[in-house]
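Printed here is data-v6.txt (compact mmCIF, C-alpha atoms and all ligand atoms):
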# COMPACT_ATOMS: atom_id res chain seq x y z
CA MET H 1 -22.56 13.53 188.70
CA SER H 2 -22.31 17.32 188.49
CA LYS H 3 -21.25 18.14 184.92
CA LEU H 4 -23.69 18.84 182.07
CA SER H 5 -21.88 16.57 179.56
CA SER H 6 -22.08 13.61 181.95
CA LYS H 7 -25.79 14.24 182.47
CA CYS H 8 -26.24 14.18 178.65
CA VAL H 9 -24.50 10.84 178.34
CA LYS H 10 -26.33 9.08 181.15
CA GLU H 11 -29.29 6.97 180.03
CA SER H 12 -32.68 8.39 181.08
CA ILE H 13 -34.46 6.64 183.90
CA GLU H 14 -37.49 4.69 182.72
CA ARG H 15 -40.59 6.13 184.42
CA ARG H 16 -42.98 3.31 183.85
CA THR H 17 -46.07 3.33 186.00
CA THR H 18 -48.67 1.07 184.42
CA LYS H 19 -48.13 -1.82 182.04
CA PRO H 20 -48.08 -0.87 178.33
CA HIS H 21 -51.06 -2.35 176.52
CA GLN H 22 -48.94 -3.03 173.43
CA LEU H 23 -45.61 -4.86 173.25
CA PRO H 24 -42.78 -2.30 173.61
CA ILE H 25 -39.80 -2.30 171.23
CA TYR H 26 -36.64 -2.88 173.23
CA ALA H 27 -34.19 -1.01 171.02
CA THR H 28 -31.11 -1.84 173.01
CA SER H 29 -27.98 -3.78 172.10
CA SER H 30 -27.23 -4.78 175.67
CA PHE H 31 -28.84 -5.09 179.09
CA GLU H 32 -27.50 -3.55 182.26
CA LEU H 33 -26.56 -5.77 185.16
CA ASP H 34 -27.08 -4.86 188.81
CA SER H 35 -23.93 -6.72 189.82
CA VAL H 36 -21.12 -8.90 188.50
CA GLU H 37 -22.75 -11.85 190.25
CA GLU H 38 -25.99 -11.30 188.31
CA GLY H 39 -24.00 -11.29 185.05
CA MET H 40 -22.28 -14.56 185.97
CA ASP H 41 -25.63 -16.12 186.81
CA ILE H 42 -27.12 -15.19 183.42
CA PHE H 43 -24.00 -16.27 181.51
CA LYS H 44 -24.36 -19.68 183.19
CA ASP H 45 -28.10 -19.88 182.64
CA PRO H 46 -29.34 -17.55 179.85
CA SER H 47 -32.97 -18.18 180.80
CA LYS H 48 -32.39 -16.00 183.89
CA GLY H 49 -32.16 -12.73 181.99
CA HIS H 50 -31.00 -10.75 178.98
CA LEU H 51 -27.40 -9.80 178.37
CA TYR H 52 -26.77 -8.91 174.77
CA GLY H 53 -29.12 -8.29 171.83
CA ARG H 54 -27.63 -10.99 169.62
CA PHE H 55 -28.41 -13.57 172.33
CA SER H 56 -31.97 -12.52 173.16
CA ASN H 57 -34.28 -9.52 173.43
CA PRO H 58 -37.63 -9.23 175.26
CA THR H 59 -39.56 -7.97 172.18
CA ILE H 60 -38.22 -10.70 169.90
CA ASP H 61 -38.65 -13.43 172.53
CA ALA H 62 -42.30 -12.49 173.11
CA VAL H 63 -43.10 -12.71 169.39
CA ALA H 64 -41.18 -15.97 168.89
CA GLU H 65 -43.01 -17.51 171.84
CA LYS H 66 -46.38 -16.48 170.43
CA ILE H 67 -45.64 -18.07 167.04
CA ALA H 68 -44.54 -21.28 168.82
CA THR H 69 -47.81 -21.27 170.77
CA LEU H 70 -49.78 -21.03 167.53
CA GLU H 71 -47.83 -23.92 165.98
CA ALA H 72 -48.38 -26.06 169.09
CA HIS H 73 -52.12 -25.30 169.16
CA GLY H 74 -54.15 -28.50 169.39
CA THR H 75 -51.14 -30.67 170.27
CA THR H 76 -50.19 -32.07 173.69
CA LEU H 77 -46.85 -30.21 173.64
CA THR H 78 -45.92 -28.14 176.68
CA ASP H 79 -42.27 -27.42 175.91
CA GLU H 80 -42.48 -25.76 172.49
CA TRP H 81 -40.15 -22.85 171.77
CA GLY H 82 -39.51 -20.35 168.98
CA ILE H 83 -36.38 -18.46 168.00
CA MET H 84 -36.68 -15.60 165.53
CA THR H 85 -34.03 -14.91 162.92
CA SER H 86 -33.12 -12.19 160.43
CA SER H 87 -34.96 -13.88 157.52
CA GLY H 88 -36.71 -17.09 156.53
CA LEU H 89 -33.58 -18.27 154.79
CA SER H 90 -31.45 -17.59 157.86
CA ALA H 91 -33.91 -19.68 159.91
CA ILE H 92 -33.33 -22.57 157.48
CA THR H 93 -29.54 -22.11 157.46
CA THR H 94 -29.33 -21.82 161.25
CA LEU H 95 -31.47 -24.87 161.91
CA LEU H 96 -29.61 -27.05 159.42
CA MET H 97 -26.24 -25.87 160.79
CA ALA H 98 -27.40 -26.64 164.33
CA GLU H 99 -28.50 -30.16 163.48
CA LEU H 100 -26.05 -31.31 160.80
CA SER H 101 -22.31 -31.85 160.49
CA ALA H 102 -19.90 -32.62 157.65
CA GLY H 103 -20.70 -36.06 156.27
CA ASP H 104 -24.44 -35.77 156.91
CA VAL H 105 -26.96 -35.81 154.09
CA ILE H 106 -30.34 -34.04 153.75
CA LEU H 107 -33.17 -35.85 152.01
CA THR H 108 -35.34 -33.30 150.27
CA GLN H 109 -37.50 -32.50 147.22
CA GLY H 110 -36.62 -30.69 143.99
CA ASN H 111 -39.51 -28.25 144.23
CA LEU H 112 -38.53 -26.19 147.25
CA TYR H 113 -38.47 -22.39 147.33
CA GLY H 114 -35.67 -21.50 144.88
CA GLY H 115 -33.40 -19.92 147.51
CA THR H 116 -33.62 -23.01 149.70
CA THR H 117 -32.77 -25.29 146.76
CA GLU H 118 -29.72 -23.12 146.04
CA LEU H 119 -28.64 -23.22 149.68
CA ILE H 120 -28.99 -26.99 149.99
CA LYS H 121 -27.58 -27.88 146.57
CA ASN H 122 -24.85 -25.28 146.13
CA ARG H 123 -23.76 -23.94 149.51
CA LEU H 124 -24.10 -26.66 152.13
CA PRO H 125 -21.90 -29.10 150.12
CA GLN H 126 -19.05 -26.59 150.65
CA TYR H 127 -19.30 -27.55 154.33
CA GLY H 128 -19.54 -31.29 153.69
CA ILE H 129 -23.34 -31.53 153.97
CA GLY H 130 -24.78 -33.41 151.01
CA CYS H 131 -28.30 -33.75 149.68
CA ILE H 132 -30.44 -36.28 147.89
CA LEU H 133 -33.49 -35.11 145.96
CA VAL H 134 -36.46 -37.46 145.70
CA ASP H 135 -40.15 -37.03 145.09
CA LEU H 136 -41.28 -36.87 148.73
CA THR H 137 -44.89 -37.46 147.69
CA ASP H 138 -43.71 -41.00 146.90
CA VAL H 139 -43.46 -42.67 150.32
CA ASN H 140 -41.71 -45.74 148.90
CA ALA H 141 -39.02 -43.58 147.34
CA VAL H 142 -38.44 -42.00 150.77
CA LYS H 143 -38.13 -45.42 152.45
CA GLU H 144 -35.78 -46.65 149.76
CA ALA H 145 -33.53 -43.58 150.02
CA LEU H 146 -33.32 -43.97 153.81
CA GLN H 147 -32.48 -47.66 153.53
CA LYS H 148 -29.78 -47.05 150.92
CA ASN H 149 -28.09 -44.07 152.55
CA LYS H 150 -27.32 -44.22 156.26
CA ASP H 151 -25.81 -40.71 156.19
CA ILE H 152 -29.25 -39.13 155.79
CA LYS H 153 -29.86 -37.24 159.03
CA ALA H 154 -32.72 -34.93 158.09
CA ILE H 155 -35.76 -34.83 155.84
CA TYR H 156 -36.44 -31.24 154.83
CA PHE H 157 -39.59 -30.26 152.97
CA GLU H 158 -42.36 -27.81 152.10
CA THR H 159 -45.97 -28.83 151.86
CA PRO H 160 -47.68 -27.54 149.79
CA SER H 161 -44.59 -26.98 147.64
CA ASN H 162 -43.69 -23.67 146.05
CA PRO H 163 -45.14 -23.00 143.52
CA ALA H 164 -46.34 -26.43 142.29
CA LEU H 165 -48.58 -27.04 145.37
CA ASP H 166 -47.63 -30.72 145.75
CA CYS H 167 -48.70 -31.98 149.17
CA ILE H 168 -46.45 -34.29 151.14
CA ASP H 169 -48.00 -36.60 153.72
CA LEU H 170 -46.82 -35.10 157.02
CA LYS H 171 -47.87 -38.07 159.15
CA LYS H 172 -46.33 -40.73 156.95
CA ILE H 173 -43.03 -38.87 156.51
CA ALA H 174 -42.82 -38.23 160.28
CA GLU H 175 -43.40 -41.94 161.00
CA ILE H 176 -40.79 -43.14 158.49
CA ALA H 177 -38.28 -40.57 159.75
CA LYS H 178 -38.78 -41.62 163.38
CA ALA H 179 -38.28 -45.27 162.45
CA HIS H 180 -34.92 -44.32 160.88
CA LYS H 181 -33.98 -41.87 163.67
CA VAL H 182 -33.89 -38.99 161.22
CA ILE H 183 -35.20 -35.50 162.04
CA THR H 184 -37.96 -33.81 160.04
CA VAL H 185 -38.03 -30.10 159.22
CA VAL H 186 -41.02 -28.47 157.52
CA ASP H 187 -41.12 -25.01 155.98
CA ASN H 188 -44.70 -23.99 156.82
CA THR H 189 -44.50 -20.53 155.23
CA PHE H 190 -47.13 -21.28 152.57
CA CYS H 191 -49.79 -22.06 155.18
CA SER H 192 -49.06 -20.19 158.41
CA PRO H 193 -50.05 -22.00 161.64
CA VAL H 194 -53.69 -21.08 161.01
CA VAL H 195 -53.91 -23.33 157.94
CA GLN H 196 -51.48 -26.13 158.88
CA ARG H 197 -49.75 -27.24 162.08
CA PRO H 198 -47.12 -29.91 161.30
CA PHE H 199 -46.50 -30.72 165.01
CA LEU H 200 -49.95 -32.35 165.01
CA PHE H 201 -48.53 -34.98 162.66
CA GLY H 202 -45.24 -35.66 164.49
CA ILE H 203 -42.86 -33.27 162.71
CA ASP H 204 -39.77 -32.24 164.75
CA TYR H 205 -39.05 -28.71 163.57
CA ILE H 206 -41.00 -26.00 161.74
CA ILE H 207 -39.56 -22.95 160.09
CA HIS H 208 -41.33 -19.91 158.65
CA SER H 209 -40.39 -16.98 156.59
CA THR H 210 -42.36 -14.59 158.85
CA THR H 211 -41.83 -12.07 156.04
CA LYS H 212 -44.90 -13.67 154.44
CA TYR H 213 -48.34 -14.53 155.93
CA ILE H 214 -47.37 -14.19 159.59
CA ASN H 215 -46.45 -10.54 159.10
CA GLY H 216 -48.96 -10.17 156.26
CA HIS H 217 -48.21 -6.54 155.44
CA GLY H 218 -44.91 -6.87 153.60
CA ASN H 219 -43.02 -4.46 155.82
CA SER H 220 -40.31 -6.63 157.41
CA ILE H 221 -37.93 -9.50 156.66
CA SER H 222 -37.61 -12.15 159.36
CA GLY H 223 -37.90 -15.85 160.08
CA VAL H 224 -38.56 -18.22 162.92
CA MET H 225 -37.43 -21.70 163.97
CA ILE H 226 -39.86 -23.65 166.13
CA GLY H 227 -39.21 -26.87 168.00
CA TYR H 228 -39.81 -28.53 171.34
CA GLY H 229 -37.62 -29.80 174.16
CA GLU H 230 -34.90 -27.96 176.06
CA GLU H 231 -31.96 -29.86 174.58
CA ARG H 232 -32.91 -28.96 171.02
CA ARG H 233 -33.66 -25.36 172.00
CA LYS H 234 -30.17 -24.92 173.48
CA LYS H 235 -28.51 -26.40 170.40
CA VAL H 236 -30.45 -24.20 167.98
CA TRP H 237 -30.24 -21.05 170.13
CA SER H 238 -26.47 -21.33 170.60
CA THR H 239 -26.02 -21.77 166.82
CA MET H 240 -28.17 -18.68 166.14
CA LYS H 241 -26.14 -16.71 168.68
CA LEU H 242 -22.80 -17.82 167.21
CA ILE H 243 -23.55 -17.28 163.54
CA GLY H 244 -25.39 -14.06 164.37
CA THR H 245 -28.65 -14.70 162.54
CA ASN H 246 -30.75 -12.99 165.20
CA CYS H 247 -33.86 -11.00 164.34
CA ASN H 248 -34.09 -7.30 165.18
CA PRO H 249 -36.70 -5.93 167.60
CA PHE H 250 -38.43 -3.59 165.15
CA ASP H 251 -39.07 -6.35 162.59
CA ALA H 252 -40.27 -8.67 165.36
CA TRP H 253 -42.62 -5.94 166.55
CA LEU H 254 -44.06 -5.52 163.03
CA VAL H 255 -44.63 -9.29 162.91
CA ASN H 256 -46.41 -9.02 166.26
CA ASN H 257 -48.79 -6.39 164.86
CA GLY H 258 -49.51 -8.50 161.81
CA MET H 259 -50.20 -11.65 163.81
CA LYS H 260 -53.23 -10.15 165.53
CA THR H 261 -55.24 -10.42 162.32
CA LEU H 262 -53.62 -13.64 161.07
CA ALA H 263 -56.67 -15.87 161.61
CA LEU H 264 -59.02 -13.32 159.99
CA ARG H 265 -56.69 -12.75 157.08
CA MET H 266 -56.13 -16.47 156.40
CA LYS H 267 -59.88 -17.06 156.32
CA GLN H 268 -60.28 -14.39 153.65
CA HIS H 269 -57.17 -15.50 151.69
CA CYS H 270 -58.59 -19.05 151.55
CA SER H 271 -62.10 -18.08 150.51
CA ASN H 272 -60.91 -15.57 147.87
CA ALA H 273 -58.41 -18.10 146.45
CA LEU H 274 -61.10 -20.77 146.13
CA GLU H 275 -63.51 -18.44 144.38
CA LEU H 276 -60.85 -17.03 142.05
CA ALA H 277 -59.60 -20.55 141.20
CA GLN H 278 -63.14 -21.65 140.31
CA PHE H 279 -63.60 -18.52 138.21
CA LEU H 280 -60.30 -19.02 136.32
CA ASN H 281 -61.03 -22.73 135.88
CA ASP H 282 -64.10 -21.79 133.81
CA HIS H 283 -62.34 -18.99 131.90
CA LYS H 284 -61.55 -19.59 128.23
CA GLY H 285 -58.31 -17.59 128.54
CA VAL H 286 -56.89 -20.05 131.06
CA ALA H 287 -55.34 -23.42 130.18
CA THR H 288 -54.85 -24.94 133.65
CA VAL H 289 -55.51 -23.94 137.25
CA ASN H 290 -53.58 -25.40 140.15
CA TYR H 291 -55.38 -24.85 143.48
CA LEU H 292 -55.71 -27.40 146.25
CA GLY H 293 -59.32 -26.42 146.91
CA LEU H 294 -60.46 -27.66 143.48
CA GLU H 295 -61.98 -31.10 144.02
CA ASP H 296 -60.17 -32.70 141.11
CA HIS H 297 -56.74 -31.57 142.32
CA ARG H 298 -54.55 -34.62 142.86
CA PHE H 299 -53.70 -33.52 146.42
CA HIS H 300 -57.19 -32.26 147.38
CA ASP H 301 -57.93 -35.21 149.70
CA LEU H 302 -54.57 -35.10 151.48
CA ALA H 303 -54.87 -31.32 151.85
CA LYS H 304 -58.30 -31.82 153.45
CA ILE H 305 -56.73 -34.14 156.05
CA GLN H 306 -53.70 -32.10 157.02
CA MET H 307 -54.75 -28.50 156.35
CA ASP H 308 -57.51 -26.24 157.71
CA GLY H 309 -58.60 -24.66 154.43
CA PHE H 310 -56.61 -24.74 151.20
CA GLY H 311 -54.48 -21.63 151.57
CA GLY H 312 -54.17 -18.46 149.55
CA MET H 313 -51.66 -19.62 146.94
CA MET H 314 -52.59 -20.75 143.45
CA CYS H 315 -51.06 -21.01 139.97
CA PHE H 316 -52.48 -20.92 136.48
CA GLU H 317 -51.27 -21.17 132.91
CA VAL H 318 -52.63 -18.77 130.30
CA ALA H 319 -54.24 -20.39 127.26
CA ALA H 320 -51.95 -18.91 124.66
CA GLY H 321 -53.67 -20.35 121.56
CA SER H 322 -51.21 -19.97 118.71
CA ALA H 323 -49.20 -17.35 120.59
CA ASN H 324 -46.04 -18.04 122.58
CA GLY H 325 -47.03 -19.14 126.14
CA TYR H 326 -44.20 -17.21 127.75
CA GLU H 327 -45.22 -13.96 126.03
CA ALA H 328 -48.92 -14.48 126.77
CA GLY H 329 -48.17 -15.04 130.45
CA ILE H 330 -46.10 -11.87 130.61
CA GLN H 331 -48.83 -9.88 128.82
CA VAL H 332 -51.41 -10.97 131.40
CA MET H 333 -49.12 -10.12 134.29
CA ASN H 334 -48.40 -6.67 132.88
CA ALA H 335 -52.12 -6.07 132.27
CA LEU H 336 -53.29 -6.93 135.78
CA LYS H 337 -53.97 -3.79 137.79
CA ILE H 338 -55.05 -5.15 141.16
CA GLY H 339 -52.28 -7.73 141.40
CA SER H 340 -48.85 -6.26 142.01
CA LEU H 341 -45.89 -7.86 140.31
CA ALA H 342 -43.73 -8.52 143.36
CA PRO H 343 -41.42 -11.40 144.27
CA THR H 344 -43.04 -12.18 147.60
CA MET H 345 -46.26 -13.75 148.90
CA GLY H 346 -48.64 -13.73 151.82
CA ASP H 347 -49.32 -9.98 151.94
CA VAL H 348 -52.85 -8.59 152.33
CA ASP H 349 -52.87 -7.49 148.69
CA THR H 350 -52.81 -9.81 145.67
CA LEU H 351 -49.32 -10.50 144.32
CA ILE H 352 -48.44 -12.12 141.05
CA MET H 353 -45.16 -13.74 140.15
CA HIS H 354 -43.52 -15.53 137.25
CA PRO H 355 -41.44 -18.33 138.85
CA ALA H 356 -39.40 -19.13 135.71
CA SER H 357 -37.98 -15.61 135.52
CA MET H 358 -38.09 -14.68 139.22
CA SER H 359 -37.98 -17.02 142.28
CA HIS H 360 -36.72 -20.04 140.32
CA LEU H 361 -34.42 -18.25 137.88
CA ASN H 362 -31.34 -19.88 139.44
CA VAL H 363 -32.89 -23.35 139.62
CA ALA H 364 -31.70 -25.54 136.74
CA PRO H 365 -34.30 -25.61 133.91
CA GLU H 366 -34.52 -29.43 134.06
CA ILE H 367 -35.38 -29.31 137.81
CA ARG H 368 -37.95 -26.57 137.07
CA ALA H 369 -39.56 -28.60 134.31
CA LYS H 370 -39.60 -31.78 136.42
CA ASN H 371 -41.47 -29.89 139.11
CA GLY H 372 -44.21 -28.42 136.94
CA ILE H 373 -42.80 -24.91 136.65
CA SER H 374 -43.53 -24.16 133.00
CA ASP H 375 -42.49 -20.92 131.30
CA SER H 376 -46.09 -19.70 131.17
CA LEU H 377 -46.94 -20.47 134.80
CA ILE H 378 -48.18 -17.52 136.88
CA ARG H 379 -48.25 -17.79 140.66
CA VAL H 380 -50.88 -15.80 142.50
CA SER H 381 -50.76 -14.97 146.17
CA VAL H 382 -54.45 -14.16 146.47
CA GLY H 383 -55.07 -11.13 148.66
CA ILE H 384 -57.99 -10.14 150.85
CA GLU H 385 -59.51 -7.57 148.49
CA ASP H 386 -63.19 -7.82 147.52
CA ILE H 387 -63.46 -10.96 145.38
CA GLU H 388 -65.58 -9.18 142.73
CA ASP H 389 -62.75 -6.70 142.08
CA LEU H 390 -60.28 -9.57 141.76
CA LYS H 391 -62.44 -11.51 139.29
CA GLU H 392 -63.08 -8.40 137.21
CA ASP H 393 -59.38 -7.56 136.98
CA PHE H 394 -58.27 -11.10 136.03
CA ASP H 395 -61.07 -11.29 133.48
CA ARG H 396 -60.07 -7.97 131.89
CA ALA H 397 -56.38 -8.95 131.71
CA LEU H 398 -57.18 -12.37 130.22
CA GLN H 399 -59.52 -10.86 127.59
CA LEU H 400 -56.52 -8.95 126.23
CA VAL H 401 -54.71 -12.13 125.22
CA SER H 402 -57.54 -14.56 124.43
C1 LIG H 501 -41.56 -21.00 151.13
C2 LIG H 501 -40.47 -20.03 151.43
N1 LIG H 501 -39.57 -20.34 152.38
C3 LIG H 501 -38.57 -19.50 152.70
C4 LIG H 501 -38.40 -18.30 152.05
C5 LIG H 501 -37.26 -17.39 152.43
O1 LIG H 501 -37.75 -16.36 153.23
P1 LIG H 501 -37.04 -14.93 153.41
O2 LIG H 501 -37.18 -14.21 152.13
O3 LIG H 501 -37.74 -14.31 154.56
O4 LIG H 501 -35.60 -15.23 153.70
C6 LIG H 501 -39.33 -17.94 151.06
C7 LIG H 501 -39.18 -16.65 150.36
O5 LIG H 501 -39.90 -16.33 149.44
C8 LIG H 501 -40.38 -18.83 150.74
O6 LIG H 501 -41.29 -18.54 149.79

Could you express the structure from this file as structure tokens?
Amino acid sequence: MSKLSSKCVKESIERRTTKPHQLPIYATSSFELDSVEEGMDIFKDPSKGHLYGRFSNPTIDAVAEKIATLEAHGTTLTDEWGIMTSSGLSAITTLLMAELSAGDVILTQGNLYGGTTELIKNRLPQYGIGCILVDLTDVNAVKEALQKNKDIKAIYFETPSNPALDCIDLKKIAEIAKAHKVITVVDNTFCSPVVQRPFLFGIDYIIHSTTKYINGHGNSISGVMIGYGEERRKKVWSTMKLIGTNCNPFDAWLVNNGMKTLALRMKQHCSNALELAQFLNDHKGVATVNYLGLEDHRFHDLAKIQMDGFGGMMCFEVAAGSANGYEAGIQVMNALKIGSLAPTMGDVDTLIMHPASMSHLNVAPEIRAKNGISDSLIRVSVGIEDIEDLKEDFDRALQLVS
């Protein structure tokens, strides 16, 4: 190659000497092959190498594998795998598309994350996949639904639910599902693998919006599907590759950075949430507090069995007195200084949200009401700030309306 323009075009030669201490970002859409034979080999067996960025990428694969390892922690699994996707919702869509066909039915709950409810109720039926909503905390209702409808192929759920914090018995649901040869999929976003590991209780698949706790810093959108066994991995991976829901290396890399402090962060989220919940419980400006760590919570005992700590999510209703509850709730949210009004959760800083006008706006009002999402409910994703600052700020905001 003698011409200047050709030298410009040619990719630089990587001069790597020692191993990078931190995971590199492989910003490449494709991977170069040494020979046609090598390409044929990888096309036949994708585990032999990388070909194209939509299929796999070393940065993304490393992060997905690490999340799978965390979810498998404490189990006897040796063949767990993770596949990252472009968002939490694309992880859900990809997994359900991989496992279900027209004619199949999903058994699920009414109080899922609003986007997931919309997907399952409004979009999947366009492709012939139906759904039945039951209260999954009622084990008999689950058994009855499975006996009545032989088209149910998957039980999909969140525990604790968003934002009502209902806990579903992971072990019991996994046992019933296995007896009916139905797969179980759990969205574990609310807990992260530090606080809850559904594989320990016999669940088949776990998904996360890694946008939330696993990243923890609110600077990327991504998701992950986690399962075990090579057959399932191939089915899910080939679906991801064909519908193009792959993650991108930069977002995966940001998730990797966040994960290093995941255990530390979750510990602080849990202890701050417990202390704030106790504080609000005693506050005259608050009507009700919903936090799993409070001993009188109806799911406290189940949470103690299947979770390590009670998480960083809580809800409360403002005591409006004679005022309109909706208005009072909004006044408190607008008055809070430390809590940012943002439609996400799981970041290091405290986030407040009004489900009725934000995440659950497109969920039918009757489904909202049935699932404890009142107009005055405020959801708090408790951050890792100093707890005294948090208490002071909530107290000040509540004084304004009480
Ligand atoms: C519990 C839960 N699952 C899934 C999602 C969807 O995740 P993403 O926004 O990354 O698509 C969200 C988003 O808020 C969520 O709260």

Can you check which parts of chain H lie within 7 Å of ligand LIG 501 (chain H)? Per residue, the shortest pair of atoms and distance in Å to one decimal, counting only C-alpha atoms and all ligand atoms, sorted by chain and number, as JSON lines.
{"residue": "H:Ser87", "atom": "CA", "partner": "H:LIG501", "partner_atom": "O3", "distance": 4.1}
{"residue": "H:Gly88", "atom": "CA", "partner": "H:LIG501", "partner_atom": "O1", "distance": 3.5}
{"residue": "H:Leu89", "atom": "CA", "partner": "H:LIG501", "partner_atom": "O4", "distance": 3.8}
{"residue": "H:Ser90", "atom": "CA", "partner": "H:LIG501", "partner_atom": "O4", "distance": 6.3}
{"residue": "H:Tyr113", "atom": "CA", "partner": "H:LIG501", "partner_atom": "C1", "distance": 5.1}
{"residue": "H:Gly115", "atom": "CA", "partner": "H:LIG501", "partner_atom": "C5", "distance": 6.7}
{"residue": "H:Thr116", "atom": "CA", "partner": "H:LIG501", "partner_atom": "C3", "distance": 6.8}
{"residue": "H:Glu158", "atom": "CA", "partner": "H:LIG501", "partner_atom": "C1", "distance": 6.9}
{"residue": "H:Asn162", "atom": "CA", "partner": "H:LIG501", "partner_atom": "C1", "distance": 6.1}
{"residue": "H:Asp187", "atom": "CA", "partner": "H:LIG501", "partner_atom": "N1", "distance": 6.1}
{"residue": "H:Thr189", "atom": "CA", "partner": "H:LIG501", "partner_atom": "C1", "distance": 5.1}
{"residue": "H:Phe190", "atom": "CA", "partner": "H:LIG501", "partner_atom": "C1", "distance": 5.8}
{"residue": "H:His208", "atom": "CA", "partner": "H:LIG501", "partner_atom": "N1", "distance": 6.5}
{"residue": "H:Ser209", "atom": "CA", "partner": "H:LIG501", "partner_atom": "O3", "distance": 4.3}
{"residue": "H:Thr210", "atom": "CA", "partner": "H:LIG501", "partner_atom": "O3", "distance": 6.3}
{"residue": "H:Thr211", "atom": "CA", "partner": "H:LIG501", "partner_atom": "O3", "distance": 4.9}
{"residue": "H:Ile221", "atom": "CA", "partner": "H:LIG501", "partner_atom": "O3", "distance": 5.3}
{"residue": "H:Ser222", "atom": "CA", "partner": "H:LIG501", "partner_atom": "O3", "distance": 5.3}
{"residue": "H:Gly223", "atom": "CA", "partner": "H:LIG501", "partner_atom": "O3", "distance": 5.7}
{"residue": "H:Thr344", "atom": "CA", "partner": "H:LIG501", "partner_atom": "O5", "distance": 5.5}
{"residue": "H:Met345", "atom": "CA", "partner": "H:LIG501", "partner_atom": "O5", "distance": 6.9}

- Query: Expressed in Å to a single decimal, how great is the separation between atom CA of Ser86 of chain H and atom CA of Thr239 of chain H?
  - Reply: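 One can read the atom CA of Ser86 of chain H to atom CA of Thr239 of chain H distance as 13.5 Å.
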
- Item | Within 12 Å of segment 267-272 of chain H using all atoms listed in the file, minus same-chain residues under 4 positions, as a ChimeraX atom specification | /H:190-192,194-195,213,216,261-263,276-279,291-294,307-314,345-351,380-391

Write the residues you've just listed into a file as a PDB file, keeping the file's coordinate frame, and include C-alpha atoms for each of them.
ATOM      1  CA  PHE H 190     -47.130 -21.280 152.570  1.00  0.00           C
ATOM      2  CA  CYS H 191     -49.790 -22.060 155.180  1.00  0.00           C
ATOM      3  CA  SER H 192     -49.060 -20.190 158.410  1.00  0.00           C
ATOM      4  CA  VAL H 194     -53.690 -21.080 161.010  1.00  0.00           C
ATOM      5  CA  VAL H 195     -53.910 -23.330 157.940  1.00  0.00           C
ATOM      6  CA  TYR H 213     -48.340 -14.530 155.930  1.00  0.00           C
ATOM      7  CA  GLY H 216     -48.960 -10.170 156.260  1.00  0.00           C
ATOM      8  CA  THR H 261     -55.240 -10.420 162.320  1.00  0.00           C
ATOM      9  CA  LEU H 262     -53.620 -13.640 161.070  1.00  0.00           C
ATOM     10  CA  ALA H 263     -56.670 -15.870 161.610  1.00  0.00           C
ATOM     11  CA  LEU H 276     -60.850 -17.030 142.050  1.00  0.00           C
ATOM     12  CA  ALA H 277     -59.600 -20.550 141.200  1.00  0.00           C
ATOM     13  CA  GLN H 278     -63.140 -21.650 140.310  1.00  0.00           C
ATOM     14  CA  PHE H 279     -63.600 -18.520 138.210  1.00  0.00           C
ATOM     15  CA  TYR H 291     -55.380 -24.850 143.480  1.00  0.00           C
ATOM     16  CA  LEU H 292     -55.710 -27.400 146.250  1.00  0.00           C
ATOM     17  CA  GLY H 293     -59.320 -26.420 146.910  1.00  0.00           C
ATOM     18  CA  LEU H 294     -60.460 -27.660 143.480  1.00  0.00           C
ATOM     19  CA  MET H 307     -54.750 -28.500 156.350  1.00  0.00           C
ATOM     20  CA  ASP H 308     -57.510 -26.240 157.710  1.00  0.00           C
ATOM     21  CA  GLY H 309     -58.600 -24.660 154.430  1.00  0.00           C
ATOM     22  CA  PHE H 310     -56.610 -24.740 151.200  1.00  0.00           C
ATOM     23  CA  GLY H 311     -54.480 -21.630 151.570  1.00  0.00           C
ATOM     24  CA  GLY H 312     -54.170 -18.460 149.550  1.00  0.00           C
ATOM     25  CA  MET H 313     -51.660 -19.620 146.940  1.00  0.00           C
ATOM     26  CA  MET H 314     -52.590 -20.750 143.450  1.00  0.00           C
ATOM     27  CA  MET H 345     -46.260 -13.750 148.900  1.00  0.00           C
ATOM     28  CA  GLY H 346     -48.640 -13.730 151.820  1.00  0.00           C
ATOM     29  CA  ASP H 347     -49.320  -9.980 151.940  1.00  0.00           C
ATOM     30  CA  VAL H 348     -52.850  -8.590 152.330  1.00  0.00           C
ATOM     31  CA  ASP H 349     -52.870  -7.490 148.690  1.00  0.00           C
ATOM     32  CA  THR H 350     -52.810  -9.810 145.670  1.00  0.00           C
ATOM     33  CA  LEU H 351     -49.320 -10.500 144.320  1.00  0.00           C
ATOM     34  CA  VAL H 380     -50.880 -15.800 142.500  1.00  0.00           C
ATOM     35  CA  SER H 381     -50.760 -14.970 146.170  1.00  0.00           C
ATOM     36  CA  VAL H 382     -54.450 -14.160 146.470  1.00  0.00           C
ATOM     37  CA  GLY H 383     -55.070 -11.130 148.660  1.00  0.00           C
ATOM     38  CA  ILE H 384     -57.990 -10.140 150.850  1.00  0.00           C
ATOM     39  CA  GLU H 385     -59.510  -7.570 148.490  1.00  0.00           C
ATOM     40  CA  ASP H 386     -63.190  -7.820 147.520  1.00  0.00           C
ATOM     41  CA  ILE H 387     -63.460 -10.960 145.380  1.00  0.00           C
ATOM     42  CA  GLU H 388     -65.580  -9.180 142.730  1.00  0.00           C
ATOM     43  CA  ASP H 389     -62.750  -6.700 142.080  1.00  0.00           C
ATOM     44  CA  LEU H 390     -60.280  -9.570 141.760  1.00  0.00           C
ATOM     45  CA  LYS H 391     -62.440 -11.510 139.290  1.00  0.00           C
TER      46      LYS H 391
END
